[in-house]
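Q: What follows is structure_21.cif; its format and atoms are mmCIF, C-alpha atoms.
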data_entry
loop_
_atom_site.group_PDB
_atom_site.id
_atom_site.type_symbol
_atom_site.label_atom_id
_atom_site.label_comp_id
_atom_site.auth_asym_id
_atom_site.auth_seq_id
_atom_site.Cartn_x
_atom_site.Cartn_y
_atom_site.Cartn_z
ATOM 1 C CA MET G 1 10.753 37.546 2.620
ATOM 2 C CA SER G 2 11.632 38.727 6.133
ATOM 3 C CA GLU G 3 14.353 37.148 8.249
ATOM 4 C CA VAL G 4 11.695 35.390 10.337
ATOM 5 C CA ASP G 5 9.982 33.984 7.258
ATOM 6 C CA GLU G 6 13.321 32.785 5.881
ATOM 7 C CA ALA G 7 14.166 31.040 9.168
ATOM 8 C CA ILE G 8 10.754 29.369 9.313
ATOM 9 C CA GLU G 9 10.956 28.262 5.675
ATOM 10 C CA GLN G 10 14.398 26.766 6.267
ATOM 11 C CA TYR G 11 13.148 24.905 9.346
ATOM 12 C CA ARG G 12 10.165 23.641 7.373
ATOM 13 C CA GLN G 13 12.373 22.381 4.526
ATOM 14 C CA GLU G 14 14.625 20.582 7.016
ATOM 15 C CA LEU G 15 11.556 18.860 8.466
ATOM 16 C CA VAL G 16 10.318 17.774 5.036
ATOM 17 C CA ALA G 17 13.765 16.362 4.245
ATOM 18 C CA GLU G 18 13.663 14.220 7.399
ATOM 19 C CA ALA G 19 10.080 12.921 7.330
ATOM 20 C CA THR G 20 6.832 12.917 5.374
ATOM 21 C CA LEU G 21 4.526 15.220 7.296
ATOM 22 C CA ALA G 22 1.016 16.257 6.375
ATOM 23 C CA LYS G 23 0.549 19.898 5.397
ATOM 24 C CA GLY G 24 -1.596 20.429 8.493
ATOM 25 C CA ASP G 25 1.189 19.147 10.753
ATOM 26 C CA LEU G 26 3.751 21.357 9.026
ATOM 27 C CA ASP G 27 1.496 24.416 9.377
ATOM 28 C CA GLU G 28 0.969 23.664 13.073
ATOM 29 C CA ILE G 29 4.712 23.360 13.702
ATOM 30 C CA GLU G 30 5.302 26.568 11.743
ATOM 31 C CA ASP G 31 2.748 28.415 13.891
ATOM 32 C CA HIS G 32 4.481 27.207 17.088
ATOM 33 C CA LEU G 33 7.868 28.337 15.829
ATOM 34 C CA ARG G 34 6.538 31.736 14.764
ATOM 35 C CA GLU G 35 4.860 32.270 18.157
ATOM 36 C CA LEU G 36 8.078 31.364 19.982
ATOM 37 C CA ILE G 37 10.118 33.771 17.881
ATOM 38 C CA GLU G 38 7.643 36.605 18.434
ATOM 39 C CA LEU G 39 7.640 35.899 22.173
ATOM 40 C CA LEU G 40 11.431 35.857 22.459
ATOM 41 C CA ARG G 41 12.272 38.771 20.162
ATOM 42 C CA ALA G 42 10.701 41.195 22.653
ATOM 43 C CA SER G 43 13.637 40.652 25.024
ATOM 44 C CA GLN G 44 16.403 39.410 22.701
ATOM 45 C CA PRO G 45 17.949 40.252 19.316
ATOM 46 C CA LEU G 46 16.126 38.644 16.428
ATOM 47 C CA ALA G 47 18.949 36.239 15.494
ATOM 48 C CA VAL G 48 19.166 34.999 19.089
ATOM 49 C CA ALA G 49 15.385 34.695 19.318
ATOM 50 C CA ILE G 50 15.312 32.517 16.201
ATOM 51 C CA ALA G 51 18.103 30.263 17.481
ATOM 52 C CA VAL G 52 16.512 29.865 20.919
ATOM 53 C CA ALA G 53 13.070 29.196 19.370
ATOM 54 C CA ARG G 54 14.541 26.442 17.183
ATOM 55 C CA THR G 55 16.228 24.901 20.212
ATOM 56 C CA ARG G 56 13.055 24.942 22.294
ATOM 57 C CA LEU G 57 10.925 23.493 19.516
ATOM 58 C CA GLY G 58 13.527 20.829 18.802
ATOM 59 C CA ALA G 59 15.964 19.974 16.041
ATOM 60 C CA PRO G 60 14.198 18.993 12.806
ATOM 61 C CA ARG G 61 15.727 15.494 12.866
ATOM 62 C CA ALA G 62 14.598 14.837 16.456
ATOM 63 C CA LEU G 63 11.145 16.272 15.760
ATOM 64 C CA ALA G 64 10.820 14.154 12.605
ATOM 65 C CA ARG G 65 11.916 11.044 14.527
ATOM 66 C CA GLU G 66 9.249 11.668 17.152
ATOM 67 C CA HIS G 67 6.641 12.244 14.458
ATOM 68 C CA ALA G 68 7.619 8.970 12.771
ATOM 69 C CA ARG G 69 7.369 7.162 16.110
ATOM 70 C CA VAL G 70 3.849 8.458 16.717
ATOM 71 C CA HIS G 71 2.504 8.543 13.148
ATOM 72 C CA GLY G 72 4.890 6.684 10.858
ATOM 73 C CA SER G 73 5.370 7.253 7.125
ATOM 74 C CA PHE G 74 2.549 4.799 6.450
ATOM 75 C CA GLY G 75 0.289 5.970 9.270
ATOM 76 C CA PRO G 76 0.290 5.497 13.051
ATOM 77 C CA PRO G 77 1.165 2.018 14.375
ATOM 78 C CA LEU G 78 -1.737 -0.413 14.427
ATOM 79 C CA SER G 79 -2.632 -1.577 17.935
ATOM 80 C CA ARG G 80 -1.215 -4.967 18.849
ATOM 81 C CA TRP G 81 -4.607 -6.595 19.395
ATOM 82 C CA ARG G 82 -5.922 -5.485 15.996
ATOM 83 C CA ALA G 83 -2.795 -6.760 14.271
ATOM 84 C CA ILE G 84 -2.953 -10.133 16.020
ATOM 85 C CA SER G 85 -6.694 -10.421 15.299
ATOM 86 C CA ALA G 86 -6.144 -9.804 11.578
ATOM 87 C CA VAL G 87 -3.305 -12.337 11.452
ATOM 88 C CA ALA G 88 -5.430 -14.893 13.302
ATOM 89 C CA LEU G 89 -7.950 -14.642 10.460
ATOM 90 C CA LEU G 90 -5.205 -14.848 7.851
ATOM 91 C CA VAL G 91 -3.527 -17.984 9.255
ATOM 92 C CA PRO G 92 -6.298 -20.465 8.255
ATOM 93 C CA MET G 93 -6.039 -19.284 4.639
ATOM 94 C CA LEU G 94 -2.248 -19.646 4.642
ATOM 95 C CA VAL G 95 -2.400 -23.106 6.210
ATOM 96 C CA SER G 96 -5.057 -24.368 3.785
ATOM 97 C CA GLY G 97 -3.035 -23.057 0.846
ATOM 98 C CA ALA G 98 0.208 -24.590 2.126
ATOM 99 C CA LEU G 99 -1.473 -27.991 2.382
ATOM 100 C CA ILE G 100 -2.323 -28.066 -1.324
ATOM 101 C CA VAL G 101 0.893 -26.609 -2.766
ATOM 102 C CA PRO G 102 3.728 -29.130 -3.322
ATOM 103 C CA LEU G 103 7.208 -27.957 -2.362
ATOM 104 C CA ASP G 104 8.314 -28.116 -5.981
ATOM 105 C CA GLN G 105 5.639 -25.573 -6.918
ATOM 106 C CA LEU G 106 6.515 -22.810 -4.491
ATOM 107 C CA TRP G 107 7.381 -20.685 -7.534
ATOM 108 C CA SER G 108 3.828 -21.006 -8.816
ATOM 109 C CA LEU G 109 1.237 -18.248 -8.579
ATOM 110 C CA LEU G 110 -0.271 -19.767 -5.443
ATOM 111 C CA GLY G 111 3.209 -20.175 -3.989
ATOM 112 C CA PHE G 112 3.843 -16.459 -4.576
ATOM 113 C CA GLU G 113 0.604 -15.604 -2.757
ATOM 114 C CA LEU G 114 1.491 -17.857 0.189
ATOM 115 C CA VAL G 115 4.985 -16.413 0.586
ATOM 116 C CA ALA G 116 3.648 -12.863 0.322
ATOM 117 C CA GLY G 117 0.862 -13.607 2.797
ATOM 118 C CA GLY G 118 3.287 -15.132 5.299
ATOM 119 C CA ALA G 119 5.630 -12.155 5.037
ATOM 120 C CA LEU G 120 2.724 -9.759 5.554
ATOM 121 C CA ALA G 121 1.544 -11.676 8.624
ATOM 122 C CA VAL G 122 4.989 -11.469 10.226
ATOM 123 C CA ALA G 123 5.394 -7.792 9.314
ATOM 124 C CA LEU G 124 1.959 -6.889 10.666
ATOM 125 C CA VAL G 125 2.609 -8.519 14.045
ATOM 126 C CA ALA G 126 5.989 -6.769 14.115
ATOM 127 C CA GLN G 127 4.049 -3.505 13.568
ATOM 128 C CA ARG G 128 5.695 -2.539 10.306
ATOM 129 C CA GLY G 129 3.543 0.297 8.994
ATOM 130 C CA TRP G 130 3.614 -0.757 5.323
ATOM 131 C CA ALA G 131 2.069 -4.178 6.028
ATOM 132 C CA ARG G 132 -1.297 -2.702 6.973
ATOM 133 C CA PRO G 133 -2.246 -0.944 3.694
ATOM 134 C CA VAL G 134 -0.924 -3.872 1.623
ATOM 135 C CA LEU G 135 -2.886 -6.525 3.508
ATOM 136 C CA PHE G 136 -5.964 -4.309 3.780
ATOM 137 C CA ALA G 137 -6.127 -3.673 0.034
ATOM 138 C CA GLY G 138 -5.496 -7.328 -0.766
ATOM 139 C CA ALA G 139 -8.284 -8.546 1.514
ATOM 140 C CA ALA G 140 -10.671 -5.851 0.271
ATOM 141 C CA PHE G 141 -10.023 -6.803 -3.365
ATOM 142 C CA TRP G 142 -10.781 -10.496 -2.916
ATOM 143 C CA THR G 143 -14.010 -9.924 -0.988
ATOM 144 C CA LEU G 144 -15.665 -8.839 -4.257
ATOM 145 C CA PRO G 145 -15.155 -11.986 -6.386
ATOM 146 C CA MET G 146 -15.815 -14.143 -3.323
ATOM 147 C CA ALA G 147 -19.108 -12.382 -2.650
ATOM 148 C CA LEU G 148 -20.170 -12.844 -6.274
ATOM 149 C CA GLN G 149 -19.187 -16.502 -6.200
ATOM 150 C CA LEU G 150 -21.183 -17.041 -3.033
ATOM 151 C CA ALA G 151 -24.216 -15.301 -4.546
ATOM 152 C CA SER G 152 -23.957 -17.426 -7.694
ATOM 153 C CA TYR G 153 -23.452 -20.725 -5.866
ATOM 154 C CA PRO G 154 -25.224 -20.558 -2.469
ATOM 155 C CA GLY G 155 -23.929 -24.002 -1.491
ATOM 156 C CA ILE G 156 -20.371 -22.688 -1.109
ATOM 157 C CA SER G 157 -19.190 -22.160 2.457
ATOM 158 C CA PRO G 158 -19.123 -18.453 3.395
ATOM 159 C CA ILE G 159 -16.203 -18.950 5.786
ATOM 160 C CA TRP G 160 -13.533 -17.607 3.405
ATOM 161 C CA LEU G 161 -15.554 -14.503 2.635
ATOM 162 C CA ALA G 162 -16.106 -13.964 6.363
ATOM 163 C CA LEU G 163 -12.366 -14.217 7.020
ATOM 164 C CA HIS G 164 -11.605 -11.600 4.364
ATOM 165 C CA VAL G 165 -14.293 -9.245 5.660
ATOM 166 C CA GLY G 166 -12.914 -9.638 9.173
ATOM 167 C CA ILE G 167 -9.384 -8.741 8.034
ATOM 168 C CA VAL G 168 -10.718 -5.655 6.254
ATOM 169 C CA ALA G 169 -12.599 -4.593 9.392
ATOM 170 C CA PHE G 170 -9.546 -4.939 11.657
ATOM 171 C CA LEU G 171 -7.184 -3.124 9.271
ATOM 172 C CA ALA G 172 -9.504 -0.398 7.965
ATOM 173 C CA PRO G 173 -8.410 3.175 8.763
ATOM 174 C CA TRP G 174 -11.352 4.362 10.830
ATOM 175 C CA ARG G 175 -9.875 7.822 11.402
ATOM 176 C CA ARG G 176 -8.603 10.245 8.791
ATOM 177 C CA ARG G 177 -5.210 10.745 10.457
ATOM 178 C CA GLU G 178 -4.481 7.031 10.036
ATOM 179 C CA ILE G 179 -4.038 7.559 6.282
ATOM 180 C CA THR G 180 -0.915 8.955 4.628
ATOM 181 C CA ARG G 181 -0.230 9.402 0.931
ATOM 182 C CA ALA G 182 2.482 6.757 1.127
ATOM 183 C CA SER G 183 0.014 4.212 2.527
ATOM 184 C CA VAL G 184 -2.577 5.141 -0.108
ATOM 185 C CA ALA G 185 0.026 4.532 -2.833
ATOM 186 C CA LEU G 186 0.781 1.088 -1.401
ATOM 187 C CA ALA G 187 -2.890 0.162 -1.125
ATOM 188 C CA LEU G 188 -3.568 1.206 -4.714
ATOM 189 C CA GLN G 189 -0.547 -0.701 -5.984
ATOM 190 C CA THR G 190 -1.631 -3.804 -4.079
ATOM 191 C CA TRP G 191 -5.017 -3.536 -5.767
ATOM 192 C CA ALA G 192 -3.188 -3.678 -9.104
ATOM 193 C CA VAL G 193 -1.193 -6.729 -7.949
ATOM 194 C CA CYS G 194 -4.431 -8.493 -7.059
ATOM 195 C CA GLY G 195 -5.957 -7.572 -10.430
ATOM 196 C CA ALA G 196 -3.039 -9.190 -12.254
ATOM 197 C CA THR G 197 -3.195 -12.234 -9.986
ATOM 198 C CA MET G 198 -6.915 -12.650 -10.617
ATOM 199 C CA VAL G 199 -6.692 -12.689 -14.413
ATOM 200 C CA LEU G 200 -3.687 -15.024 -14.340
ATOM 201 C CA GLY G 201 -6.109 -17.546 -12.874
ATOM 202 C CA TYR G 202 -7.682 -17.801 -16.332
ATOM 203 C CA GLN G 203 -5.722 -20.492 -18.166
ATOM 204 C CA ILE G 204 -6.361 -22.878 -21.055
ATOM 205 C CA SER G 205 -5.018 -26.332 -21.863
ATOM 206 C CA ALA G 206 -2.242 -26.304 -24.451
ATOM 207 C CA ARG G 207 -2.216 -28.836 -27.274
ATOM 208 C CA GLY G 208 1.114 -30.206 -26.195
ATOM 209 C CA GLY G 209 -0.015 -30.517 -22.601
ATOM 210 C CA GLY G 210 0.184 -28.145 -19.689
ATOM 211 C CA MET G 211 -1.555 -24.832 -19.151
ATOM 212 C CA VAL G 212 -1.005 -21.420 -20.705
ATOM 213 C CA TYR G 213 -2.231 -18.024 -19.551
ATOM 214 C CA VAL G 214 -5.091 -16.419 -21.425
ATOM 215 C CA THR G 215 -3.477 -13.021 -20.917
ATOM 216 C CA PRO G 216 0.356 -13.060 -21.063
ATOM 217 C CA ALA G 217 0.411 -9.296 -20.438
ATOM 218 C CA ALA G 218 -0.822 -9.940 -16.896
ATOM 219 C CA GLN G 219 2.463 -11.722 -16.141
ATOM 220 C CA VAL G 220 4.351 -8.516 -16.866
ATOM 221 C CA ALA G 221 1.750 -6.551 -14.918
ATOM 222 C CA LEU G 222 2.159 -8.762 -11.853
ATOM 223 C CA ALA G 223 5.950 -8.485 -11.891
ATOM 224 C CA ALA G 224 5.859 -4.707 -12.432
ATOM 225 C CA ALA G 225 3.178 -4.096 -9.789
ATOM 226 C CA ALA G 226 4.963 -6.292 -7.241
ATOM 227 C CA LEU G 227 8.244 -4.450 -7.834
ATOM 228 C CA ALA G 228 6.444 -1.107 -7.580
ATOM 229 C CA THR G 229 4.982 -2.208 -4.236
ATOM 230 C CA VAL G 230 8.439 -3.068 -2.928
ATOM 231 C CA GLY G 231 9.701 0.272 -4.224
ATOM 232 C CA GLY G 232 6.829 2.010 -2.459
ATOM 233 C CA ILE G 233 7.865 0.398 0.821
ATOM 234 C CA LEU G 234 11.404 1.659 0.250
ATOM 235 C CA ARG G 235 10.009 5.079 -0.765
ATOM 236 C CA ALA G 236 12.022 4.861 -4.000
ATOM 237 C CA ARG G 237 11.289 7.041 -7.011
ATOM 238 C CA TRP G 238 11.944 4.191 -9.466
ATOM 239 C CA SER G 239 8.790 2.490 -8.140
ATOM 240 C CA ALA G 240 6.719 4.972 -10.163
ATOM 241 C CA LEU G 241 8.082 3.473 -13.377
ATOM 242 C CA GLY G 242 7.047 -0.032 -12.351
ATOM 243 C CA SER G 243 3.621 1.300 -11.482
ATOM 244 C CA LEU G 244 3.164 2.848 -14.928
ATOM 245 C CA VAL G 245 4.278 -0.378 -16.628
ATOM 246 C CA ALA G 246 1.748 -2.297 -14.530
ATOM 247 C CA ALA G 247 -1.023 0.127 -15.502
ATOM 248 C CA ALA G 248 -0.223 -0.212 -19.203
ATOM 249 C CA THR G 249 -0.007 -4.008 -19.195
ATOM 250 C CA LEU G 250 -3.214 -4.330 -17.178
ATOM 251 C CA ALA G 251 -4.911 -2.247 -19.861
ATOM 252 C CA VAL G 252 -3.518 -4.635 -22.496
ATOM 253 C CA SER G 253 -4.913 -7.541 -20.480
ATOM 254 C CA ILE G 254 -8.408 -6.103 -20.835
ATOM 255 C CA GLU G 255 -8.117 -6.372 -24.602
ATOM 256 C CA GLU G 256 -6.681 -9.893 -24.378
ATOM 257 C CA LEU G 257 -9.617 -10.999 -22.214
ATOM 258 C CA SER G 258 -12.270 -9.282 -24.326
ATOM 259 C CA HIS G 259 -12.754 -12.436 -26.411
ATOM 260 C CA LEU G 260 -13.286 -14.682 -23.388
ATOM 261 C CA GLN G 261 -16.741 -16.212 -22.988
ATOM 262 C CA PHE G 262 -18.169 -17.308 -19.655
ATOM 263 C CA LYS G 263 -20.352 -20.368 -19.228
ATOM 264 C CA LEU G 264 -21.221 -19.807 -15.593
ATOM 265 C CA VAL G 265 -24.194 -18.903 -13.473
ATOM 266 C CA ASN G 266 -24.558 -15.101 -13.649
ATOM 267 C CA ALA G 267 -22.002 -15.092 -16.486
ATOM 268 C CA SER G 268 -22.618 -11.446 -17.353
ATOM 269 C CA LEU G 269 -21.994 -10.408 -13.737
ATOM 270 C CA HIS G 270 -18.779 -12.415 -13.625
ATOM 271 C CA GLN G 271 -17.594 -10.744 -16.813
ATOM 272 C CA LEU G 272 -18.564 -7.304 -15.549
ATOM 273 C CA MET G 273 -16.740 -7.941 -12.282
ATOM 274 C CA MET G 274 -13.622 -9.181 -14.059
ATOM 275 C CA PHE G 275 -13.352 -6.160 -16.363
ATOM 276 C CA GLY G 276 -14.324 -3.801 -13.551
ATOM 277 C CA LEU G 277 -11.640 -5.093 -11.195
ATOM 278 C CA LEU G 278 -9.042 -5.229 -13.948
ATOM 279 C CA GLY G 279 -9.868 -1.701 -15.119
ATOM 280 C CA SER G 280 -9.835 -0.375 -11.561
ATOM 281 C CA GLY G 281 -6.466 -2.081 -11.073
ATOM 282 C CA ALA G 282 -5.027 -0.244 -14.077
ATOM 283 C CA ILE G 283 -6.370 3.087 -12.809
ATOM 284 C CA ALA G 284 -5.175 2.362 -9.271
ATOM 285 C CA SER G 285 -1.680 1.595 -10.545
ATOM 286 C CA LEU G 286 -1.624 4.818 -12.553
ATOM 287 C CA VAL G 287 -2.660 6.939 -9.563
ATOM 288 C CA SER G 288 -0.232 5.052 -7.357
ATOM 289 C CA GLY G 289 2.576 5.871 -9.776
ATOM 290 C CA VAL G 290 1.883 9.586 -9.419
ATOM 291 C CA LEU G 291 1.835 9.336 -5.613
ATOM 292 C CA LEU G 292 4.986 7.215 -5.532
ATOM 293 C CA TRP G 293 6.832 9.761 -7.673
ATOM 294 C CA ARG G 294 5.707 12.776 -5.663
ATOM 295 C CA HIS G 295 6.315 11.327 -2.210
ATOM 296 C CA ALA G 296 9.445 9.254 -2.759
ATOM 297 C CA ARG G 297 12.375 9.978 -0.465
ATOM 298 C CA THR G 298 15.196 9.190 -2.893
ATOM 299 C CA ARG G 299 15.711 7.675 -6.322
ATOM 300 C CA LEU G 300 16.863 4.322 -4.977
ATOM 301 C CA GLY G 301 14.927 4.290 -1.716
ATOM 302 C CA SER G 302 15.892 3.434 1.839
ATOM 303 C CA LEU G 303 15.300 0.622 4.332
ATOM 304 C CA ARG G 304 14.533 3.177 7.043
ATOM 305 C CA ASP G 305 10.777 3.161 6.413
ATOM 306 C CA ALA G 306 10.690 -0.590 5.668
ATOM 307 C CA PHE G 307 11.881 -1.451 9.172
ATOM 308 C CA ALA G 308 10.142 1.403 10.998
ATOM 309 C CA ALA G 309 7.077 0.568 13.074
#
As structure tokens, how would this structure be written, given the file I've shared?

A:
Amino acid sequence: MSEVDEAIEQYRQELVAEATLAKGDLDEIEDHLRELIELLRASQPLAVAIAVARTRLGAPRALAREHARVHGSFGPPLSRWRAISAVALLVPMLVSGALIVPLDQLWSLLGFELVAGGALAVALVAQRGWARPVLFAGAAFWTLPMALQLASYPGISPIWLALHVGIVAFLAPWRRREITRASVALALQTWAVCGATMVLGYQISARGGGMVYVTPAAQVALAAAALATVGGILRARWSALGSLVAAATLAVSIEELSHLQFKLVNASLHQLMMFGLLGSGAIASLVSGVLLWRHARTRLGSLRDAFAA
């Protein structure tokens, strides 16, 4: 490797250590640096040309900070009007849920969804990059069972389905450069969270009173997937472990639900949808685990990306 190649490789590694850049962006920066060096070395010693080229292009930390400002680890900032529009559609669902959940049941499954939804709404308005893929995947997931329910029972109001579709439309990445691997990992992990939440809705009456879950494994899956999502926001390597646990326990849930019988309109479609969403959640969590491991910043993670716009 020549001295120029070594200098460029070092600069590239310093950039990667400071920020998650796409390969195309790294190649473009490398080309600029190489052109500057070639231009300067005609009138200066090579070592001086390399130093001056680095200075003109910018220190890796400053360049990474500017890239994060424009693009962000989880994609470029969502425009304010799109964020507010999505939250405006989310608020009616949060309010309706809050009205039916007693304060002493905030630790219930619905309470968990309300708290998570409220946090996402605040984060999205504050332009935190991680909120977009999480809320997008969650809304996209629930449009499927809602659409099937509406098709099976036409008398149901379509308003909730319309709200979910609207959120998906406002948050969807319409351009390729809006997607990063970190945001894909979060979206996939959120899909797994929703899969666990969906099957936990299936409960039976216990003989001694109260309700019990049909699939206890989904409780572990929900906890593991939720922790993996938090770890993904922190860009922590340990999040990959939670993701793999979620994938395994979601797979166990499929077996636990295999004996369930539906007595509903379009029962076979409901069963197909349930196993399809649950299976896709397990696969999504597995793929997310690979992405989380490969693109983590550190073992424990950092709050830098969590609070970055």

Q: Can you measure atom CA of G:Leu63 to atom CA of G:Ala240 for me? One decimal in Å is fine.

A: 28.6 Å

Q: Interatomic distance between atom CA of G:Gly117 and atom CA of G:Leu90?

A: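 Atom CA of G:Leu90 lies 8.0 Å from atom CA of G:Gly117.
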
Q: Can you work out the spacing between atom CA of G:Leu227 and atom CA of G:Arg132 in Å, to one decimal?

A: 17.7 Å

Q: Can you list what the PyMOL selection byres ((chain G and resi 106-115) around 10) grabs from this structure, as a list in words?

A: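 On the file shown, the PyMOL selection byres ((chain G and resi 106-115) around 10) covers Met93, Leu94, Val95, Ser96, Gly97, Ala98, Ile100, Val101, Pro102, Leu103, Asp104, Gln105, Ala116, Gly117, Gly118, Ala119, Leu120, Ala121, Cys194, Thr197, Leu200 and Gly201 of chain G.
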
Q: Ranking G:Tyr213, G:Val199, G:Leu260, G:Val290 by minimum distance to G:Arg237 and counting all atoms listed in the file, which one comes first?

A: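 Residue with the minimum atom-to-atom distance to G:Arg237: G:Val290.
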
Q: Please determine, counting all atoms listed in the file, which residue among G:Leu39, G:Leu144, G:Ser152, G:Pro173 has the shortest atom-to-atom distance to G:Leu264.

A: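 Between G:Leu39, G:Leu144, G:Ser152, G:Pro173, the residue approaching G:Leu264 most closely is G:Ser152.
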
Q: Which residues would end up in the selection if the PyMOL selection byres ((chain G and resi 193) around 8) were applied here, given that I need the answer as an MDAnalysis selection string?

A: chainID G and resid 189:192 194:197 221:222 225:226 281

Q: Those residues with C-alpha atoms, as a PDB file, in the coordinates of the input please?

A:
ATOM      1  CA  GLN G 189      -0.547  -0.701  -5.984  1.00  0.00           C
ATOM      2  CA  THR G 190      -1.631  -3.804  -4.079  1.00  0.00           C
ATOM      3  CA  TRP G 191      -5.017  -3.536  -5.767  1.00  0.00           C
ATOM      4  CA  ALA G 192      -3.188  -3.678  -9.104  1.00  0.00           C
ATOM      5  CA  CYS G 194      -4.431  -8.493  -7.059  1.00  0.00           C
ATOM      6  CA  GLY G 195      -5.957  -7.572 -10.430  1.00  0.00           C
ATOM      7  CA  ALA G 196      -3.039  -9.190 -12.254  1.00  0.00           C
ATOM      8  CA  THR G 197      -3.195 -12.234  -9.986  1.00  0.00           C
ATOM      9  CA  ALA G 221       1.750  -6.551 -14.918  1.00  0.00           C
ATOM     10  CA  LEU G 222       2.159  -8.762 -11.853  1.00  0.00           C
ATOM     11  CA  ALA G 225       3.178  -4.096  -9.789  1.00  0.00           C
ATOM     12  CA  ALA G 226       4.963  -6.292  -7.241  1.00  0.00           C
ATOM     13  CA  GLY G 281      -6.466  -2.081 -11.073  1.00  0.00           C
TER      14      GLY G 281
END

Q: Name the residues that the PyMOL selection byres ((chain G and resi 87) around 8) picks from the file above, as a list in words, using the file's chain letters and numbers.

A: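 Here the PyMOL selection byres ((chain G and resi 87) around 8) matches Ala83, Ile84, Ser85, Ala86, Ala88, Leu89, Leu90, Val91, Ala121, Leu124, Val125 and Ile167 of chain G.
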
Q: Here is a test: counting only C-alpha atoms, which residue of G:Ala172, G:Ala137, G:Ala236, G:Val52 is nearest to G:Ala284?

A: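 Smallest distance to G:Ala284 is found for G:Ala137.
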
Q: As AutoDock Vina command-line options, please: the centre and edge lengths in Å, to one decimal, of an axis-aligned box enclosing every listed atom of stretch 159-177 of chain G with 5 Å added on each side.

A:
--center_x -10.7 --center_y -4.1 --center_z 7.1 --size_x 21.0 --size_y 39.7 --size_z 19.0
